[in-house]
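Source file data04.cif; content: mmCIF, C-alpha atoms.
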data_final
#
loop_
_atom_site.label_atom_id
_atom_site.label_comp_id
_atom_site.auth_asym_id
_atom_site.auth_seq_id
_atom_site.Cartn_x
_atom_site.Cartn_y
_atom_site.Cartn_z
CA MET A 1 11.97 -9.45 -32.05
CA ARG A 2 11.16 -5.91 -30.92
CA GLU A 3 12.12 -5.09 -27.35
CA ILE A 4 10.49 -2.23 -25.49
CA VAL A 5 11.34 -0.64 -22.17
CA THR A 6 8.22 0.89 -20.64
CA PHE A 7 8.34 3.40 -17.82
CA ASP A 8 6.02 4.72 -15.22
CA ALA A 9 6.37 8.50 -15.42
CA TYR A 10 5.60 10.23 -12.13
CA GLY A 11 8.14 9.28 -9.49
CA THR A 12 10.19 7.21 -11.93
CA LEU A 13 11.16 9.60 -14.71
CA VAL A 14 9.55 12.78 -13.41
CA ASP A 15 10.43 14.25 -10.02
CA PHE A 16 6.83 14.21 -8.84
CA ARG A 17 6.94 16.14 -5.58
CA LEU A 18 3.31 16.89 -4.86
CA SER A 19 3.65 16.94 -1.08
CA GLY A 20 5.82 20.08 -0.90
CA PRO A 21 3.60 22.34 -3.03
CA THR A 22 0.48 20.99 -1.34
CA GLN A 23 1.81 21.72 2.14
CA GLU A 24 3.01 25.15 1.07
CA LEU A 25 -0.42 25.94 -0.35
CA LEU A 26 -2.23 24.89 2.82
CA GLN A 27 0.31 25.81 5.50
CA ASP A 28 -1.77 28.62 6.97
CA ARG A 29 -4.77 26.32 7.49
CA ILE A 30 -2.55 23.47 8.71
CA ASP A 31 -1.11 25.80 11.36
CA GLU A 32 -4.52 27.23 12.23
CA VAL A 33 -6.09 23.83 12.92
CA GLY A 34 -2.96 22.20 14.33
CA VAL A 35 -2.87 19.36 11.81
CA ASP A 36 -0.01 16.88 11.60
CA ALA A 37 1.22 17.77 8.11
CA LYS A 38 2.97 14.43 7.54
CA GLU A 39 -0.17 12.47 8.43
CA PHE A 40 -2.32 14.71 6.24
CA LEU A 41 -0.01 14.33 3.22
CA ASP A 42 0.12 10.57 3.70
CA ASN A 43 -3.68 10.43 3.78
CA PHE A 44 -3.76 12.48 0.58
CA ARG A 45 -1.43 9.93 -1.05
CA VAL A 46 -3.52 6.97 0.10
CA MET A 47 -6.74 8.59 -1.07
CA ARG A 48 -5.25 9.10 -4.54
CA PHE A 49 -4.51 5.39 -4.69
CA GLN A 50 -7.99 4.50 -3.48
CA ALA A 51 -9.50 6.80 -6.10
CA VAL A 52 -7.77 5.09 -9.02
CA LEU A 53 -9.24 1.76 -7.91
CA GLU A 54 -12.71 3.14 -8.58
CA ASP A 55 -14.45 3.74 -11.91
CA TYR A 56 -12.34 5.87 -14.23
CA ARG A 57 -12.44 9.64 -13.79
CA PRO A 58 -9.97 12.11 -15.32
CA TYR A 59 -6.81 12.54 -13.29
CA ASP A 60 -7.47 16.19 -12.53
CA VAL A 61 -10.80 15.13 -11.00
CA VAL A 62 -9.05 12.42 -8.98
CA LEU A 63 -6.58 14.95 -7.60
CA ARG A 64 -9.24 17.49 -6.65
CA SER A 65 -11.50 14.89 -5.05
CA SER A 66 -8.67 13.23 -3.10
CA LEU A 67 -7.40 16.57 -1.84
CA GLU A 68 -10.85 17.63 -0.68
CA LYS A 69 -11.42 14.33 1.16
CA ALA A 70 -8.04 14.47 2.87
CA MET A 71 -8.64 18.06 3.92
CA ARG A 72 -12.11 17.31 5.27
CA LEU A 73 -10.72 14.32 7.18
CA HIS A 74 -8.38 16.71 9.02
CA GLY A 75 -10.84 19.57 9.42
CA LEU A 76 -9.23 21.84 6.82
CA ARG A 77 -11.41 24.18 4.77
CA TYR A 78 -11.35 23.20 1.10
CA ARG A 79 -11.63 25.75 -1.71
CA ASP A 80 -11.98 24.99 -5.40
CA SER A 81 -8.87 27.08 -5.96
CA ASP A 82 -6.88 24.57 -3.86
CA GLY A 83 -7.60 21.78 -6.32
CA ASP A 84 -6.87 24.08 -9.25
CA ALA A 85 -3.50 25.04 -7.77
CA VAL A 86 -2.43 21.43 -7.14
CA VAL A 87 -3.42 20.31 -10.64
CA ALA A 88 -1.58 23.27 -12.15
CA ARG A 89 1.70 22.11 -10.59
CA ILE A 90 1.71 18.71 -12.31
CA PRO A 91 2.97 19.86 -15.74
CA THR A 92 5.79 21.87 -14.13
CA PHE A 93 7.62 18.85 -12.71
CA GLY A 94 10.79 17.99 -14.61
CA PRO A 95 12.92 14.83 -14.74
CA PHE A 96 15.27 13.42 -12.14
CA PRO A 97 18.83 14.47 -13.06
CA GLU A 98 20.00 11.15 -14.49
CA VAL A 99 16.89 10.44 -16.55
CA PRO A 100 17.56 12.19 -19.92
CA HIS A 101 21.02 10.67 -20.31
CA VAL A 102 19.80 7.19 -19.35
CA LEU A 103 16.90 7.35 -21.80
CA ARG A 104 19.19 8.40 -24.66
CA ARG A 105 21.44 5.42 -23.96
CA LEU A 106 18.52 3.02 -23.86
CA LYS A 107 17.22 4.33 -27.18
CA SER A 108 20.35 2.94 -28.83
CA ARG A 109 18.94 -0.55 -28.33
CA TYR A 110 15.28 -0.38 -27.30
CA GLU A 111 12.05 1.35 -28.08
CA ILE A 112 11.05 3.40 -25.04
CA ALA A 113 7.53 4.11 -23.86
CA ILE A 114 5.57 5.65 -21.02
CA ILE A 115 2.57 4.07 -19.29
CA SER A 116 1.27 6.71 -16.91
CA ASN A 117 -1.70 7.37 -14.64
CA THR A 118 -2.40 10.80 -16.06
CA GLN A 119 -4.08 12.79 -18.82
CA ASP A 120 -2.57 13.62 -22.18
CA HIS A 121 -2.54 17.37 -21.64
CA LEU A 122 -0.96 17.10 -18.18
CA ILE A 123 1.97 14.91 -19.20
CA LYS A 124 2.75 16.76 -22.41
CA GLN A 125 4.92 19.39 -20.70
CA ASN A 126 6.56 16.83 -18.41
CA ILE A 127 7.77 14.99 -21.52
CA GLU A 128 8.99 18.22 -23.07
CA LEU A 129 10.99 18.91 -19.90
CA ILE A 130 12.59 15.45 -20.14
CA GLY A 131 13.74 16.37 -23.63
CA VAL A 132 13.83 12.83 -25.07
CA GLU A 133 11.45 11.52 -27.71
CA PHE A 134 9.42 8.46 -26.71
CA ASP A 135 8.21 5.89 -29.20
CA HIS A 136 4.90 5.56 -27.35
CA VAL A 137 3.12 7.52 -24.63
CA ILE A 138 0.16 5.69 -23.08
CA THR A 139 -2.01 7.42 -20.49
CA ALA A 140 -4.87 6.37 -18.26
CA GLU A 141 -7.01 8.80 -20.22
CA GLN A 142 -6.42 6.75 -23.38
CA ALA A 143 -6.91 3.40 -21.62
CA GLY A 144 -9.98 4.50 -19.65
CA ALA A 145 -8.42 2.94 -16.55
CA TYR A 146 -5.61 3.46 -14.06
CA LYS A 147 -2.79 1.22 -13.00
CA PRO A 148 -2.88 -1.15 -11.14
CA SER A 149 -5.80 -2.26 -13.32
CA ARG A 150 -4.77 -4.85 -15.87
CA GLN A 151 -6.91 -2.96 -18.39
CA THR A 152 -4.30 -0.20 -18.50
CA PHE A 153 -1.44 -2.57 -19.29
CA ASP A 154 -3.44 -4.62 -21.79
CA TYR A 155 -4.43 -1.45 -23.61
CA ALA A 156 -0.79 -0.34 -23.73
CA TYR A 157 0.49 -3.60 -25.19
CA LYS A 158 -2.31 -3.73 -27.75
CA THR A 159 -1.62 -0.13 -28.77
CA MET A 160 2.12 -0.76 -29.08
CA ASP A 161 1.45 -4.08 -30.87
CA VAL A 162 3.71 -6.11 -28.60
CA GLU A 163 3.40 -9.14 -26.36
CA PRO A 164 4.21 -8.69 -22.65
CA ALA A 165 7.18 -11.04 -23.11
CA GLN A 166 8.79 -8.32 -25.25
CA VAL A 167 8.48 -5.72 -22.50
CA ILE A 168 10.81 -4.63 -19.71
CA HIS A 169 8.86 -2.46 -17.28
CA VAL A 170 10.67 0.11 -15.12
CA ALA A 171 8.76 1.81 -12.32
CA GLN A 172 8.93 3.40 -8.92
CA GLY A 173 5.34 2.58 -7.95
CA TRP A 174 5.25 -0.60 -5.91
CA GLU A 175 1.46 -0.84 -5.63
CA TYR A 176 0.76 0.70 -9.05
CA ASP A 177 3.31 -1.20 -11.15
CA LEU A 178 5.47 -3.81 -9.44
CA VAL A 179 2.69 -5.78 -7.77
CA PRO A 180 0.32 -6.00 -10.76
CA GLY A 181 3.27 -6.49 -13.11
CA MET A 182 4.08 -9.88 -11.59
CA ASP A 183 1.17 -11.55 -13.40
CA LEU A 184 1.53 -9.86 -16.80
CA GLY A 185 4.11 -12.21 -18.28
CA LEU A 186 6.68 -9.45 -18.73
CA LYS A 187 10.24 -10.14 -19.83
CA ARG A 188 11.61 -8.23 -16.84
CA ARG A 189 10.60 -5.80 -14.10
CA VAL A 190 12.87 -3.16 -12.59
CA TRP A 191 11.90 -1.35 -9.40
CA ILE A 192 13.37 2.14 -9.05
CA ASN A 193 13.23 2.34 -5.27
CA ARG A 194 14.10 6.00 -4.76
CA GLN A 195 12.55 6.14 -1.29
CA ASN A 196 14.29 3.00 0.00
CA ASN A 197 10.94 1.34 0.64
CA ARG A 198 10.59 -2.27 1.67
CA GLY A 199 9.97 -4.79 -1.10
CA SER A 200 8.75 -8.37 -0.82
CA ALA A 201 10.07 -11.77 -1.83
CA ALA A 202 6.49 -12.68 -2.69
CA TYR A 203 6.70 -10.49 -5.82
CA GLN A 204 10.09 -11.63 -7.06
CA PRO A 205 11.72 -11.80 -9.52
CA TYR A 206 12.48 -8.12 -10.04
CA ASP A 207 15.62 -6.02 -10.14
CA GLU A 208 15.94 -3.16 -7.65
CA LEU A 209 17.85 0.08 -8.18
CA SER A 210 18.02 3.21 -6.03
CA ASP A 211 17.76 5.40 -9.15
CA MET A 212 18.10 4.97 -12.91
CA THR A 213 21.83 5.69 -13.20
CA THR A 214 22.90 2.08 -13.68
CA LEU A 215 19.84 0.98 -15.66
CA PRO A 216 21.68 0.98 -19.03
CA GLU A 217 24.32 -1.43 -17.68
CA LEU A 218 21.60 -3.63 -16.20
CA LEU A 219 19.90 -3.79 -19.60
CA ASP A 220 23.16 -4.23 -21.55
CA CYS A 221 23.35 -0.79 -23.12
#
Let's see the structure in the file written out as structure tokens.
Amino acid sequence: MREIVTFDAYGTLVDFRLSGPTQELLQDRIDEVGVDAKEFLDNFRVMRFQAVLEDYRPYDVVLRSSLEKAMRLHGLRYRDSDGDAVVARIPTFGPFPEVPHVLRRLKSRYEIAIISNTQDHLIKQNIELIGVEFDHVITAEQAGAYKPSRQTFDYAYKTMDVEPAQVIHVAQGWEYDLVPGMDLGLKRRVWINRQNNRGSAAYQPYDELSDMTTLPELLDC
């Protein structure tokens, strides 16, 4: 039976650090208004999650809209160029240091795939920067829906022609991946908890790692 390890991309494989570039871009207006930068960036994160729960829109639209709403909430002047600049940073993010080596080891036993809340053209360069060939790359653009929607996962499994019981899913996103993944009938779930966030016994069983370094040993590679 085929076995596939699927990965969330941003925050799991790709060092997705949107907060730093966003703050750098807006620092003059943050200082001018006296905004709490940490609170603003957290609101921006929450608004991105809220946006993907709505009807599908391209990810670049989600980013621009969420940024504008977060800025307006804190009294910051929004310019179209702000959204453009944030979107332009996405393809520049490369992998976490351990990721390429880990993926190459996993490929000795498994098919590897990405299931990501993004657009095809945005993730293309991120994958090139990882430098490892994936057997499948599934995006929200293809599925017409974002995780945590079940539609995204169902589309991925249909496209890959596998049953969920053949799939090990590895992800950093608690609300995007780990929570909805409990009811999918997956073979295994692995939470890459890079930020040392709090999990929950209510969503067990899952394995928890601080990064992907020991993932091959966990999956017998």
Would you mind reading off the distance between CA of Val33 in chain A and CA of Leu76 in chain A, one decimal, in Å?
->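 Atom-to-atom, CA of Val33 in chain A to CA of Leu76 in chain A, that is 7.1 Å.
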Spatial neighbours of range 35-48 of chain A, 7 Å, only C-alpha atoms, chain gap at least 4 places, as a list in words = Ser19, Ile30, Asp31, Val52, Val62, Leu63, Ser66, Leu67, Ala70 and His74 of chain A
Where does the PyMOL selection byres ((chain A and resi 210) around 12) land in this file, that is, which residues does it pick, as a list in words?
->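 Checking the PyMOL selection byres ((chain A and resi 210) around 12) against this file, the residues are Thr12, Glu98, Ala171, Gln172, Val190, Trp191, Ile192, Asn193, Arg194, Gln195, Asn196, Asn197, Asp207, Glu208, Leu209, Asp211, Met212, Thr213, Thr214 and Leu215 of chain A.
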Decode the PyMOL selection byres ((chain A and resi 189) around 9) for the given file into explicit residues and return them as a list in words.
->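 This file, filtered by the PyMOL selection byres ((chain A and resi 189) around 9), leaves Val167, Ile168, His169, Val170, Ala171, Leu178, Gly181, Met182, Leu186, Lys187, Arg188, Val190, Trp191, Pro205, Tyr206, Asp207 and Glu208 of chain A.
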For the residues in the current selection, export C-alpha atoms as an mmCIF file, keeping the file's coordinate frame.
data_model
loop_
_atom_site.group_PDB
_atom_site.id
_atom_site.type_symbol
_atom_site.label_atom_id
_atom_site.label_comp_id
_atom_site.auth_asym_id
_atom_site.auth_seq_id
_atom_site.Cartn_x
_atom_site.Cartn_y
_atom_site.Cartn_z
ATOM 1 C CA VAL A 167 8.480 -5.720 -22.500
ATOM 2 C CA ILE A 168 10.810 -4.630 -19.710
ATOM 3 C CA HIS A 169 8.860 -2.460 -17.280
ATOM 4 C CA VAL A 170 10.670 0.110 -15.120
ATOM 5 C CA ALA A 171 8.760 1.810 -12.320
ATOM 6 C CA LEU A 178 5.470 -3.810 -9.440
ATOM 7 C CA GLY A 181 3.270 -6.490 -13.110
ATOM 8 C CA MET A 182 4.080 -9.880 -11.590
ATOM 9 C CA LEU A 186 6.680 -9.450 -18.730
ATOM 10 C CA LYS A 187 10.240 -10.140 -19.830
ATOM 11 C CA ARG A 188 11.610 -8.230 -16.840
ATOM 12 C CA VAL A 190 12.870 -3.160 -12.590
ATOM 13 C CA TRP A 191 11.900 -1.350 -9.400
ATOM 14 C CA PRO A 205 11.720 -11.800 -9.520
ATOM 15 C CA TYR A 206 12.480 -8.120 -10.040
ATOM 16 C CA ASP A 207 15.620 -6.020 -10.140
ATOM 17 C CA GLU A 208 15.940 -3.160 -7.650
#
Distance cut-off 9 Å, centre (4.7, -10.5, -25.1) in file coordinates, counting only C-alpha atoms: which residues qualify? Return them as an mmCIF file with C-alpha atoms, in the coordinates of the input.
data_model
loop_
_atom_site.group_PDB
_atom_site.id
_atom_site.type_symbol
_atom_site.label_atom_id
_atom_site.label_comp_id
_atom_site.auth_asym_id
_atom_site.auth_seq_id
_atom_site.Cartn_x
_atom_site.Cartn_y
_atom_site.Cartn_z
ATOM 1 C CA TYR A 157 0.490 -3.600 -25.190
ATOM 2 C CA VAL A 162 3.710 -6.110 -28.600
ATOM 3 C CA GLU A 163 3.400 -9.140 -26.360
ATOM 4 C CA PRO A 164 4.210 -8.690 -22.650
ATOM 5 C CA ALA A 165 7.180 -11.040 -23.110
ATOM 6 C CA GLN A 166 8.790 -8.320 -25.250
ATOM 7 C CA VAL A 167 8.480 -5.720 -22.500
ATOM 8 C CA LEU A 184 1.530 -9.860 -16.800
ATOM 9 C CA GLY A 185 4.110 -12.210 -18.280
ATOM 10 C CA LEU A 186 6.680 -9.450 -18.730
ATOM 11 C CA LYS A 187 10.240 -10.140 -19.830
#
Using all atoms listed in the file, which of A:Tyr10, A:Tyr176, A:Tyr110, A:Tyr203 sits nearest Ile90 in chain A?
->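 Closest residue, counting all atoms listed in the file: A:Tyr10.
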Written coordinates, N, CA and C atoms of range 51-85 of chain A as a tab-separated table (two decimals), in the first residue's frame:
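Output contents, as saved in part-v8.tsv:
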chain	number	residue	atom	x	y	z
A	51	ALA	N	-10.29	35.16	7.69
A	51	ALA	CA	-10.54	35.33	6.26
A	51	ALA	C	-10.63	33.99	5.53
A	52	VAL	N	-9.82	33.01	5.95
A	52	VAL	CA	-9.84	31.73	5.25
A	52	VAL	C	-11.06	30.89	5.63
A	53	LEU	N	-11.80	31.32	6.63
A	53	LEU	CA	-13.05	30.64	6.99
A	53	LEU	C	-14.21	31.12	6.13
A	54	GLU	N	-13.99	32.18	5.38
A	54	GLU	CA	-15.03	32.74	4.53
A	54	GLU	C	-14.98	32.10	3.14
A	55	ASP	N	-15.83	32.55	2.24
A	55	ASP	CA	-15.81	32.04	0.87
A	55	ASP	C	-14.42	32.24	0.27
A	56	TYR	N	-14.02	31.30	-0.58
A	56	TYR	CA	-12.67	31.33	-1.13
A	56	TYR	C	-12.38	32.61	-1.90
A	57	ARG	N	-11.24	33.19	-1.61
A	57	ARG	CA	-10.63	34.27	-2.39
A	57	ARG	C	-9.15	33.94	-2.52
A	58	PRO	N	-8.51	34.37	-3.58
A	58	PRO	CA	-7.07	34.09	-3.73
A	58	PRO	C	-6.28	34.57	-2.52
A	59	TYR	N	-5.19	33.88	-2.25
A	59	TYR	CA	-4.43	34.17	-1.03
A	59	TYR	C	-3.86	35.58	-1.03
A	60	ASP	N	-3.46	36.08	-2.19
A	60	ASP	CA	-2.95	37.45	-2.19
A	60	ASP	C	-4.04	38.44	-1.81
A	61	VAL	N	-5.28	38.15	-2.17
A	61	VAL	CA	-6.41	39.01	-1.77
A	61	VAL	C	-6.64	38.90	-0.27
A	62	VAL	N	-6.56	37.69	0.26
A	62	VAL	CA	-6.71	37.47	1.70
A	62	VAL	C	-5.67	38.28	2.47
A	63	LEU	N	-4.42	38.23	2.02
A	63	LEU	CA	-3.36	38.97	2.72
A	63	LEU	C	-3.61	40.47	2.70
A	64	ARG	N	-3.94	41.00	1.53
A	64	ARG	CA	-4.17	42.44	1.41
A	64	ARG	C	-5.36	42.88	2.27
A	65	SER	N	-6.45	42.13	2.20
A	65	SER	CA	-7.65	42.48	2.96
A	65	SER	C	-7.40	42.40	4.46
A	66	SER	N	-6.73	41.35	4.91
A	66	SER	CA	-6.46	41.18	6.34
A	66	SER	C	-5.53	42.27	6.86
A	67	LEU	N	-4.53	42.63	6.06
A	67	LEU	CA	-3.63	43.70	6.46
A	67	LEU	C	-4.37	45.02	6.58
A	68	GLU	N	-5.19	45.32	5.60
A	68	GLU	CA	-5.94	46.59	5.64
A	68	GLU	C	-6.85	46.64	6.87
A	69	LYS	N	-7.55	45.56	7.17
A	69	LYS	CA	-8.45	45.54	8.32
A	69	LYS	C	-7.69	45.71	9.63
A	70	ALA	N	-6.56	45.02	9.75
A	70	ALA	CA	-5.76	45.14	10.97
A	70	ALA	C	-5.23	46.56	11.13
A	71	MET	N	-4.81	47.16	10.03
A	71	MET	CA	-4.30	48.53	10.10
A	71	MET	C	-5.40	49.51	10.46
A	72	ARG	N	-6.56	49.35	9.86
A	72	ARG	CA	-7.68	50.26	10.18
A	72	ARG	C	-8.11	50.10	11.64
A	73	LEU	N	-8.06	48.87	12.15
A	73	LEU	CA	-8.42	48.62	13.55
A	73	LEU	C	-7.54	49.44	14.48
A	74	HIS	N	-6.27	49.62	14.10
A	74	HIS	CA	-5.31	50.33	14.95
A	74	HIS	C	-5.05	51.77	14.50
A	75	GLY	N	-5.85	52.25	13.55
A	75	GLY	CA	-5.72	53.64	13.13
A	75	GLY	C	-4.53	53.91	12.25
A	76	LEU	N	-4.02	52.89	11.56
A	76	LEU	CA	-2.88	53.08	10.67
A	76	LEU	C	-3.37	53.29	9.24
A	77	ARG	N	-2.76	54.23	8.54
A	77	ARG	CA	-3.14	54.51	7.16
A	77	ARG	C	-2.68	53.38	6.25
A	78	TYR	N	-3.63	52.82	5.49
A	78	TYR	CA	-3.32	51.73	4.57
A	78	TYR	C	-3.12	52.28	3.17
A	79	ARG	N	-2.09	51.76	2.49
A	79	ARG	CA	-1.84	52.08	1.09
A	79	ARG	C	-1.83	50.77	0.30
A	80	ASP	N	-2.27	50.82	-0.93
A	80	ASP	CA	-2.24	49.62	-1.76
A	80	ASP	C	-0.83	49.03	-1.86
A	81	SER	N	0.16	49.90	-1.82
A	81	SER	CA	1.54	49.43	-1.91
A	81	SER	C	1.94	48.60	-0.69
A	82	ASP	N	1.26	48.79	0.45
A	82	ASP	CA	1.55	47.98	1.64
A	82	ASP	C	1.20	46.52	1.37
A	83	GLY	N	-0.01	46.31	0.84
A	83	GLY	CA	-0.41	44.94	0.51
A	83	GLY	C	0.50	44.32	-0.52
A	84	ASP	N	0.86	45.10	-1.53
A	84	ASP	CA	1.76	44.60	-2.58
A	84	ASP	C	3.09	44.14	-1.98
A	85	ALA	N	3.62	44.95	-1.07
A	85	ALA	CA	4.93	44.65	-0.48
A	85	ALA	C	4.88	43.38	0.37
